[in-house]
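For reference, input-v7.txt is printed below; it contains compact mmCIF, C-alpha atoms and all ligand atoms.
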```txt
# COMPACT_ATOMS: atom_id res chain seq x y z
CA MET A 1 342.29 204.35 192.93
CA ASN A 2 342.14 206.42 189.74
CA ASN A 3 343.77 205.31 186.50
CA LYS A 4 344.75 208.49 184.76
CA THR A 5 346.74 211.31 186.31
CA LEU A 6 346.20 214.66 184.58
CA VAL A 7 349.38 216.63 183.95
CA PHE A 8 348.89 220.41 183.94
CA LYS A 9 351.90 222.28 182.63
CA ILE A 10 351.53 225.75 184.09
CA ASP A 11 352.90 229.04 182.77
CA GLU A 12 351.91 232.69 182.81
CA SER A 13 349.48 232.32 179.92
CA ASN A 14 347.35 229.56 181.46
CA PHE A 15 347.97 230.20 185.17
CA ALA A 16 344.43 231.12 186.28
CA ASP A 17 342.84 228.37 184.20
CA ILE A 18 345.10 225.60 185.57
CA ILE A 19 344.70 226.80 189.15
CA SER A 20 340.93 226.78 188.73
CA LYS A 21 340.90 223.24 187.25
CA ALA A 22 343.21 221.87 189.95
CA ALA A 23 341.30 223.62 192.74
CA ARG A 24 338.07 222.05 191.49
CA ILE A 25 339.61 218.59 191.88
CA LEU A 26 340.66 219.45 195.45
CA LYS A 27 337.20 220.81 196.31
CA GLN A 28 335.71 217.52 195.12
CA GLY A 29 337.96 215.62 197.54
CA GLY A 30 340.68 214.68 195.04
CA THR A 31 344.49 214.77 195.15
CA VAL A 32 346.73 217.21 193.27
CA ALA A 33 350.54 217.35 193.35
CA PHE A 34 352.00 220.85 193.07
CA PRO A 35 355.34 222.62 193.32
CA THR A 36 356.42 224.39 196.50
CA GLU A 37 359.78 226.09 197.01
CA THR A 38 361.08 223.04 198.92
CA VAL A 39 359.89 219.91 197.07
CA TYR A 40 356.69 218.90 195.21
CA GLY A 41 353.78 218.30 197.61
CA LEU A 42 350.80 215.97 197.23
CA GLY A 43 347.80 218.05 198.27
CA ALA A 44 344.31 217.25 199.49
CA ASN A 45 341.76 219.10 201.65
CA ALA A 46 343.34 218.87 205.12
CA LEU A 47 339.93 219.04 206.81
CA ASP A 48 338.35 216.19 204.81
CA PRO A 49 339.37 212.78 206.20
CA ASP A 50 338.34 210.90 203.04
CA ALA A 51 340.49 213.18 200.89
CA VAL A 52 343.47 212.89 203.25
CA LEU A 53 343.16 209.10 203.23
CA LYS A 54 343.84 209.20 199.47
CA ILE A 55 347.24 210.82 200.17
CA PHE A 56 348.23 208.01 202.55
CA GLU A 57 347.07 205.38 200.04
CA ALA A 58 348.81 206.94 197.04
CA LYS A 59 352.14 207.31 198.88
CA GLY A 60 351.92 204.09 200.89
CA ARG A 61 352.60 206.31 203.91
CA PRO A 62 352.31 204.81 207.42
CA ALA A 63 349.15 206.10 209.13
CA ASP A 64 351.00 207.43 212.19
CA ASN A 65 353.19 209.80 210.15
CA PRO A 66 351.31 213.12 210.24
CA LEU A 67 351.03 215.59 207.38
CA ILE A 68 351.98 219.25 207.18
CA VAL A 69 349.01 221.56 206.65
CA HIS A 70 349.68 224.29 204.10
CA ILE A 71 347.97 227.68 204.31
CA ALA A 72 348.05 230.78 202.11
CA SER A 73 347.15 233.35 204.76
CA LYS A 74 347.67 233.71 208.50
CA ASP A 75 343.92 234.25 208.74
CA SER A 76 343.51 230.47 208.36
CA LEU A 77 345.48 229.80 211.55
CA ASP A 78 342.59 230.51 213.88
CA MET A 79 340.57 227.78 212.25
CA ILE A 80 343.12 224.98 212.76
CA ALA A 81 345.36 225.92 215.71
CA THR A 82 344.93 227.23 219.25
CA ASP A 83 347.09 228.62 222.10
CA ILE A 84 349.60 229.91 219.58
CA PRO A 85 352.57 231.32 221.54
CA PRO A 86 353.98 234.82 220.75
CA ILE A 87 357.26 233.31 219.49
CA ALA A 88 355.28 231.48 216.78
CA PHE A 89 353.95 234.78 215.45
CA GLU A 90 357.45 236.27 215.47
CA LEU A 91 358.73 233.29 213.48
CA MET A 92 355.85 233.54 211.00
CA ASP A 93 356.61 237.23 210.46
CA ALA A 94 360.25 236.40 209.86
CA PHE A 95 360.00 233.25 207.71
CA TRP A 96 356.57 232.97 206.08
CA PRO A 97 356.04 232.37 203.30
CA GLY A 98 359.02 230.02 203.46
CA PRO A 99 360.47 226.65 204.45
CA LEU A 100 359.62 226.74 208.17
CA THR A 101 356.91 224.43 209.55
CA LEU A 102 355.55 225.18 213.03
CA VAL A 103 354.02 222.49 215.23
CA LEU A 104 351.10 224.06 217.13
CA LYS A 105 348.21 222.87 219.34
CA ARG A 106 345.46 221.73 217.01
CA LYS A 107 341.77 222.46 216.94
CA SER A 108 339.33 219.58 216.59
CA VAL A 109 338.30 220.62 213.07
CA VAL A 110 341.60 219.08 211.90
CA PRO A 111 340.85 215.35 211.57
CA ASP A 112 342.92 212.69 213.33
CA ILE A 113 344.10 211.23 210.04
CA THR A 114 345.84 214.52 209.17
CA THR A 115 347.72 214.73 212.49
CA GLY A 116 348.34 211.01 212.93
CA GLY A 117 346.14 211.22 216.03
CA LEU A 118 348.41 213.81 217.73
CA ASP A 119 346.95 216.80 219.60
CA THR A 120 349.21 219.07 217.54
CA VAL A 121 349.17 220.19 213.92
CA ALA A 122 352.14 221.11 211.72
CA VAL A 123 351.52 224.25 209.65
CA ARG A 124 353.41 226.21 207.04
CA MET A 125 352.96 228.80 204.30
CA PRO A 126 354.90 227.80 201.17
CA ASP A 127 356.82 230.41 199.18
CA ASN A 128 355.65 229.49 195.69
CA PRO A 129 353.08 231.36 193.59
CA VAL A 130 351.45 228.17 192.26
CA ALA A 131 351.11 226.67 195.74
CA LEU A 132 349.71 229.88 197.24
CA ALA A 133 347.21 230.42 194.41
CA LEU A 134 346.06 226.79 194.61
CA ILE A 135 345.47 226.89 198.37
CA LYS A 136 343.55 230.17 198.02
CA GLU A 137 341.39 228.92 195.18
CA ALA A 138 340.70 225.59 196.90
CA GLY A 139 339.39 227.66 199.81
CA THR A 140 340.76 225.27 202.43
CA PRO A 141 344.09 224.41 204.04
CA LEU A 142 345.83 221.63 202.13
CA ALA A 143 347.58 218.66 203.70
CA ALA A 144 350.62 218.15 201.49
CA PRO A 145 353.46 215.74 202.24
CA SER A 146 356.20 215.27 199.69
CA ALA A 147 354.71 213.83 196.47
CA ASN A 148 356.81 210.66 196.35
CA THR A 149 356.23 207.02 197.22
CA SER A 150 357.00 206.71 200.94
CA GLY A 151 360.66 205.98 201.57
CA ARG A 152 361.84 207.16 198.12
CA PRO A 153 363.86 210.34 197.44
CA SER A 154 361.61 213.42 197.56
CA PRO A 155 360.46 214.85 194.20
CA THR A 156 362.00 218.08 192.96
CA THR A 157 360.38 217.99 189.49
CA ALA A 158 356.96 216.99 188.15
CA GLU A 159 358.68 214.09 186.32
CA HIS A 160 359.74 212.65 189.69
CA VAL A 161 356.12 212.84 190.88
CA ILE A 162 354.84 211.14 187.73
CA SER A 163 357.46 208.42 187.98
CA ASP A 164 356.28 207.51 191.52
CA LEU A 165 352.57 208.31 191.54
CA SER A 166 351.17 208.22 187.99
CA GLY A 167 347.78 206.51 188.08
CA ARG A 168 347.59 206.90 191.87
CA ILE A 169 346.69 210.63 192.08
CA ASP A 170 344.23 212.81 190.19
CA ALA A 171 346.60 215.47 188.84
CA VAL A 172 350.00 217.09 188.99
CA ILE A 173 350.80 220.71 188.23
CA ASP A 174 354.15 220.95 186.46
CA GLY A 175 355.73 224.24 187.49
CA GLY A 176 359.34 223.28 186.73
CA ALA A 177 362.15 222.38 189.12
CA VAL A 178 361.89 223.60 192.73
CA GLU A 179 364.26 226.16 194.25
CA VAL A 180 365.36 224.81 197.61
CA GLY A 181 365.33 221.04 197.04
CA VAL A 182 365.11 219.83 200.66
CA GLU A 183 361.99 219.91 202.81
CA SER A 184 361.03 222.52 205.39
CA THR A 185 362.53 222.83 208.84
CA VAL A 186 360.02 221.48 211.40
CA LEU A 187 359.99 223.41 214.70
CA ASP A 188 357.79 222.41 217.64
CA VAL A 189 356.78 225.54 219.58
CA THR A 190 354.31 223.83 221.91
CA SER A 191 356.83 223.43 224.76
CA ASP A 192 358.77 226.12 226.67
CA ILE A 193 361.95 225.45 224.74
CA PRO A 194 361.25 225.02 221.02
CA ALA A 195 362.49 221.79 219.43
CA ILE A 196 363.78 221.26 215.90
CA LEU A 197 362.14 218.02 214.74
CA ARG A 198 363.63 218.10 211.23
CA PRO A 199 366.45 220.22 209.80
CA GLY A 200 365.46 221.89 206.54
CA GLY A 201 365.34 224.99 204.39
CA VAL A 202 365.67 227.46 207.29
CA SER A 203 368.92 226.89 209.15
CA LEU A 204 369.37 226.25 212.85
CA GLU A 205 371.69 229.25 213.22
CA VAL A 206 369.04 231.61 211.87
CA ILE A 207 366.26 230.13 214.01
CA LYS A 208 368.43 230.44 217.13
CA LYS A 209 368.60 234.19 216.62
CA TYR A 210 364.85 234.30 217.23
CA VAL A 211 364.26 231.61 219.83
CA GLY A 212 367.53 231.58 221.77
CA GLU A 213 367.67 228.12 223.28
CA VAL A 214 366.51 225.27 221.08
CA VAL A 215 366.35 221.49 221.56
CA ILE A 216 367.62 219.23 218.78
CA GLY A 217 364.79 216.72 218.57
CA TYR A 218 365.96 214.69 215.57
CA THR A 219 368.70 212.22 214.71
CA ASP A 220 370.42 211.59 211.41
CA GLN A 221 370.09 207.85 211.86
CA ALA A 222 367.00 205.77 211.16
CA VAL A 223 365.34 205.31 214.56
CA GLU A 224 364.24 201.90 215.88
CA GLU A 225 360.53 201.18 215.84
CA SER A 226 360.40 200.90 219.66
CA ASP A 227 361.98 204.28 220.40
CA VAL A 228 359.80 207.12 221.63
CA VAL A 229 359.89 209.80 218.96
CA ARG A 230 358.38 213.27 219.02
CA SER A 231 358.00 213.50 215.29
CA PRO A 232 356.63 210.20 214.03
CA GLY A 233 358.16 210.61 210.57
CA MET A 234 361.65 210.22 212.05
CA LYS A 235 361.40 206.50 212.58
CA TYR A 236 360.86 205.45 208.97
CA THR A 237 363.46 204.80 206.30
CA HIS A 238 363.75 207.78 204.06
CA TYR A 239 364.96 209.24 200.80
CA SER A 240 366.33 205.89 199.61
CA PRO A 241 366.99 204.97 196.01
CA LYS A 242 366.70 201.28 195.09
CA THR A 243 370.48 201.00 194.71
CA ARG A 244 372.79 200.70 197.74
CA VAL A 245 374.27 204.03 198.87
CA VAL A 246 377.70 204.55 200.46
CA LEU A 247 378.26 208.02 201.93
CA VAL A 248 381.82 209.24 202.45
CA GLU A 249 382.15 212.16 204.87
CA GLY A 250 385.11 214.23 205.95
CA ASP A 251 387.64 216.75 204.75
CA GLY A 252 387.69 217.31 200.95
CA MET A 253 391.06 215.75 200.09
CA ALA A 254 390.53 212.74 202.36
CA VAL A 255 387.08 212.15 200.87
CA ALA A 256 388.49 212.28 197.33
CA ALA A 257 391.19 209.74 198.25
CA LYS A 258 388.69 207.39 199.89
CA ILE A 259 386.25 207.61 196.98
CA SER A 260 389.05 206.84 194.54
CA GLU A 261 389.98 203.75 196.59
CA LEU A 262 386.34 202.62 196.74
CA ILE A 263 385.89 203.01 192.97
CA ASP A 264 388.95 200.84 192.38
CA SER A 265 387.75 198.10 194.67
CA TYR A 266 384.17 198.06 193.31
CA SER A 267 385.44 198.13 189.72
CA GLU A 268 387.66 195.13 190.43
CA LYS A 269 384.49 193.27 191.37
CA ASN A 270 382.98 194.32 188.01
CA MET A 271 380.45 196.58 189.70
CA ARG A 272 379.15 199.63 187.87
CA VAL A 273 379.70 202.66 190.08
CA GLY A 274 377.57 205.83 190.25
CA LEU A 275 378.98 208.95 191.89
CA LEU A 276 377.15 211.93 193.37
CA ILE A 277 380.01 214.32 193.59
CA THR A 278 381.01 217.90 194.36
CA ASP A 279 382.76 219.88 191.62
CA GLU A 280 385.97 219.93 193.65
CA THR A 281 386.15 216.16 194.22
CA ALA A 282 385.24 215.56 190.57
CA LYS A 283 388.65 216.94 189.60
CA HIS A 284 390.29 213.90 191.22
CA VAL A 285 388.04 210.92 190.42
CA SER A 286 385.77 209.50 187.75
CA ALA A 287 383.26 206.64 187.60
CA ASP A 288 380.78 204.97 185.22
CA GLU A 289 378.03 207.49 186.01
CA MET A 290 378.52 210.90 187.60
CA TYR A 291 376.00 213.48 188.89
CA SER A 292 377.07 216.87 190.17
CA LEU A 293 376.16 218.04 193.67
CA GLY A 294 377.59 221.45 192.77
CA ARG A 295 380.09 223.45 194.77
CA ARG A 296 381.39 221.94 198.03
CA ASN A 297 381.12 225.19 199.97
CA VAL A 298 377.69 226.14 198.63
CA PRO A 299 375.29 223.70 200.31
CA GLU A 300 372.36 225.29 198.44
CA ASP A 301 373.74 223.55 195.32
CA ALA A 302 373.68 220.11 196.94
CA ALA A 303 370.21 220.76 198.38
CA ARG A 304 368.92 221.39 194.87
CA ASN A 305 370.70 218.38 193.33
CA LEU A 306 370.73 215.57 195.84
CA PHE A 307 367.28 213.98 195.34
CA ALA A 308 367.45 214.33 191.55
CA GLY A 309 370.91 212.73 191.68
CA LEU A 310 369.75 209.74 193.72
CA ARG A 311 366.85 209.21 191.31
CA TYR A 312 369.11 209.63 188.28
CA MET A 313 371.38 206.85 189.52
CA ASP A 314 368.41 204.50 189.97
CA GLY A 315 367.69 204.98 186.27
CA MET A 316 371.29 204.29 185.24
CA ASP A 317 371.56 200.68 186.28
CA VAL A 318 374.55 201.12 188.58
CA ASP A 319 375.37 198.53 191.25
CA ILE A 320 376.45 201.01 193.92
CA ILE A 321 376.06 204.75 194.49
CA ILE A 322 378.94 206.54 196.20
CA VAL A 323 378.03 209.96 197.60
CA ASP A 324 380.59 212.69 198.25
CA GLY A 325 379.77 213.94 201.75
CA SER A 326 382.34 216.75 201.76
CA VAL A 327 379.49 219.28 201.36
CA LYS A 328 379.83 222.05 203.93
CA CYS A 329 377.67 221.12 206.95
CA ASP A 330 376.47 224.65 207.55
CA GLY A 331 373.15 226.43 206.89
CA VAL A 332 371.04 224.24 204.62
CA GLY A 333 374.04 221.87 204.52
CA VAL A 334 372.85 220.47 207.87
CA ALA A 335 369.63 219.34 206.14
CA VAL A 336 371.62 218.01 203.15
CA LEU A 337 373.81 215.81 205.37
CA ASN A 338 370.75 214.71 207.37
CA ARG A 339 369.01 213.50 204.18
CA LEU A 340 372.16 211.83 202.85
CA ARG A 341 372.79 210.00 206.14
CA LYS A 342 369.22 208.75 206.16
CA ALA A 343 369.45 207.62 202.54
CA ALA A 344 372.79 205.86 203.05
CA ASN A 345 373.17 202.14 203.73
CA LYS A 346 376.72 202.72 204.86
CA LEU A 347 378.56 205.77 206.25
CA ILE A 348 382.33 206.02 205.99
CA GLU A 349 383.98 208.86 207.93
CA VAL A 350 387.52 209.74 206.91
P1 LIG B 401 356.56 215.39 204.78
O1 LIG B 401 355.09 215.71 204.79
O2 LIG B 401 356.88 214.20 203.96
O3 LIG B 401 357.39 216.59 204.50
O4 LIG B 401 356.85 215.02 206.30
C1 LIG B 401 356.29 215.82 207.33
C2 LIG B 401 357.16 215.75 208.55
O5 LIG B 401 356.59 216.58 209.57
C3 LIG B 401 357.27 214.35 209.11
O6 LIG B 401 358.57 214.13 209.58
C4 LIG B 401 356.26 214.39 210.25
O7 LIG B 401 356.55 213.44 211.25
C5 LIG B 401 356.39 215.82 210.75
N1 LIG B 401 355.17 216.26 211.39
C6 LIG B 401 353.98 216.53 210.82
N2 LIG B 401 353.04 216.86 211.74
C7 LIG B 401 353.66 216.80 212.94
C8 LIG B 401 353.22 217.03 214.29
N3 LIG B 401 351.96 217.38 214.58
N4 LIG B 401 354.12 216.86 215.27
C9 LIG B 401 355.39 216.52 214.98
N5 LIG B 401 355.86 216.28 213.74
C10 LIG B 401 355.00 216.42 212.73
MG MG B 402 358.37 213.22 202.81
```
Would you encode the structure as structure tokens?
Amino acid sequence: MNNKTLVFKIDESNFADIISKAARILKQGGTVAFPTETVYGLGANALDPDAVLKIFEAKGRPADNPLIVHIASKDSLDMIATDIPPIAFELMDAFWPGPLTLVLKRKSVVPDITTGGLDTVAVRMPDNPVALALIKEAGTPLAAPSANTSGRPSPTTAEHVISDLSGRIDAVIDGGAVEVGVESTVLDVTSDIPAILRPGGVSLEVIKKYVGEVVIGYTDQAVEESDVVRSPGMKYTHYSPKTRVVLVEGDGMAVAAKISELIDSYSEKNMRVGLLITDETAKHVSADEMYSLGRRNVPEDAARNLFAGLRYMDGMDVDIIIVDGSVKCDGVGVAVLNRLRKAANKLIEV
């Protein structure tokens, strides 16, 4: 493993130069973290098994959890996927570049390590100028899972990447904070009825307009090792800070009352309490450390803030993190609640 991770701060003045330096590392089989619109990704040449192995090693990612392959042009599809159904092309036209990943039949040029040995490959085109320029310049599709240590909250800034992976990857491009904040929606279009394998940046309601019937192929709970899962990533613990997380879900006023009660009881035990909280609930309660999830009825706010908030609390030496789950479970809010439920050690519904 390498010792020094290069940090490239990118802006308009040095854009081409940084892209060229980072692409060179990728062409030589190295690893580069870069911003996408969803979260930071850790990229390597998706078609080079030795390069992809470095991603798994750096993240400590289980070998059977496949990676999403990122492309910059639909022209690359022919190389990696086959038997692409018409609905897939309709979805690409509607959502690419953007936070929708399509699971397609793979071609053999995509190595087993990239797909976790599956006969399918997950593909998306990210909506971020740095990501698109990097893929183009590297001249190959890039495998790029979230650039965090496996199991930790996903990274939404370059600082998060550095905090997890410094010394374990070749470089990171710092392009500022991401826009969406939760990962892409994963949609399997290899069967007659498409299946959502992960809720994400593109909402279920919007996808339904295109595909009609859709199977919900994910759960919000951590899945037992022995269960048969369609998307291998579902069975692992996810998004978890080091500190215990209690998620309180329900109607706004009831959530505020429950959180207030919890703070009192933890404080009596001399525990330091961290709160991830909507602006509305924050009017009723306070704790040792607070981090805003934004407006309750604007789930885009919580999407942008939730991973940074979980990481912030880990740095604040609190004994317990209480999360306000009164965020509207609509649109990207479905993905927000999914991530929070997976991160939580305990769920209280009021
Ligand atoms: P990440 O790269 O961290 O955003 O995680 C990628 C997600 O996509 C994981 O949940 C994977 O299990 C899922 N995924 C990737 N490739 C496939 C595939 N071929 N079939 C089903 N799920 C996949
Ligand atoms: Mg991930």
So for ligand LIG 401 (chain B), what box centre and size do we get, axis-aligned, 3 Å extra on each of the six sides, every listed atom, Å to one decimal, as JSON?
```
{"center_x": 355.3, "center_y": 215.4, "center_z": 209.6, "size_x": 12.6, "size_y": 9.9, "size_z": 17.3}
```
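If you measure from each of A:Ala143, A:Val182, A:Val273, A:Val248 to A:Arg304 using only C-alpha atoms, the closest one turns out to be A:Val182.
With distances restricted to all atoms listed in the file, A:Asp83 is the closest residue to A:Thr190 from A:Asp127, A:Asp174, A:Asp83, A:Glu300.
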Could you state the separation of atom CA of A:Ala256 and atom CA of A:Thr219 in Å, given to one decimal place?
->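 According to the coordinates, atom CA of A:Ala256 and atom CA of A:Thr219 are separated by 26.3 Å.
When all atoms listed in the file are used to measure the gap to A:Asp330, the shortest distance among A:Val298, A:Val103, A:Leu187, A:Ala23 belongs to A:Val298.
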Taking all atoms listed in the file into account, report as a short mmCIF file (atom, residue, chain, number, x, y, z; two decimals) with C-alpha atoms, keeping the file's coordinate frame which residues have an atom no farther than 12 Å from an atom of ligand MG 402 (chain B).
```
data_model
loop_
_atom_site.label_atom_id
_atom_site.label_comp_id
_atom_site.auth_asym_id
_atom_site.auth_seq_id
_atom_site.Cartn_x
_atom_site.Cartn_y
_atom_site.Cartn_z
CA THR A 38 361.08 223.04 198.92
CA VAL A 39 359.89 219.91 197.07
CA TYR A 40 356.69 218.90 195.21
CA GLY A 41 353.78 218.30 197.61
CA LEU A 42 350.80 215.97 197.23
CA ILE A 55 347.24 210.82 200.17
CA PHE A 56 348.23 208.01 202.55
CA LYS A 59 352.14 207.31 198.88
CA GLY A 60 351.92 204.09 200.89
CA ARG A 61 352.60 206.31 203.91
CA PRO A 62 352.31 204.81 207.42
CA ASN A 65 353.19 209.80 210.15
CA PRO A 66 351.31 213.12 210.24
CA LEU A 67 351.03 215.59 207.38
CA ILE A 68 351.98 219.25 207.18
CA ALA A 144 350.62 218.15 201.49
CA PRO A 145 353.46 215.74 202.24
CA SER A 146 356.20 215.27 199.69
CA ALA A 147 354.71 213.83 196.47
CA ASN A 148 356.81 210.66 196.35
CA THR A 149 356.23 207.02 197.22
CA SER A 150 357.00 206.71 200.94
CA GLY A 151 360.66 205.98 201.57
CA ARG A 152 361.84 207.16 198.12
CA PRO A 153 363.86 210.34 197.44
CA SER A 154 361.61 213.42 197.56
CA PRO A 155 360.46 214.85 194.20
CA THR A 156 362.00 218.08 192.96
CA GLY A 181 365.33 221.04 197.04
CA VAL A 182 365.11 219.83 200.66
CA GLU A 183 361.99 219.91 202.81
CA SER A 184 361.03 222.52 205.39
CA ARG A 198 363.63 218.10 211.23
CA GLY A 200 365.46 221.89 206.54
CA PRO A 232 356.63 210.20 214.03
CA GLY A 233 358.16 210.61 210.57
CA MET A 234 361.65 210.22 212.05
CA TYR A 236 360.86 205.45 208.97
CA THR A 237 363.46 204.80 206.30
CA HIS A 238 363.75 207.78 204.06
CA TYR A 239 364.96 209.24 200.80
CA SER A 240 366.33 205.89 199.61
CA PHE A 307 367.28 213.98 195.34
CA ARG A 339 369.01 213.50 204.18
#
```
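Minimum distance to A:Lys328 across A:Ala138, A:Ile87, A:Val180, A:Ala302 (counting all atoms listed in the file) occurs at A:Ala302.
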Which neighbours of A:Gly167 fall inside 12 Å, counting all atoms listed in the file, when residues of the same chain fewer than 5 positions from it are skipped, and could you give them as a PyMOL selection string?
-> chain A and resi 1-7+31-32+58-59+161-162+172
State, in Å with one decimal place, the distance from atom CA of A:Ile80 to atom CA of A:Lys107.
->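 Separation between atom CA of A:Ile80 and atom CA of A:Lys107: 5.1 Å.
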Minimum-distance residue to A:Asp93, chosen among A:Met125, A:Ile25, A:Ala81, A:Leu204 (using all atoms listed in the file) = A:Met125
With distances taken over all atoms listed in the file, which of A:Arg311, A:Lys74, A:Lys105, A:Arg244 is nearest to ligand LIG 401 (chain B)?
->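 Among the listed residues, A:Lys105 lies closest to ligand LIG 401 (chain B).
If you look at atom CA of A:Met313 and atom CA of A:Ala158, they are 17.7 Å away from each other.
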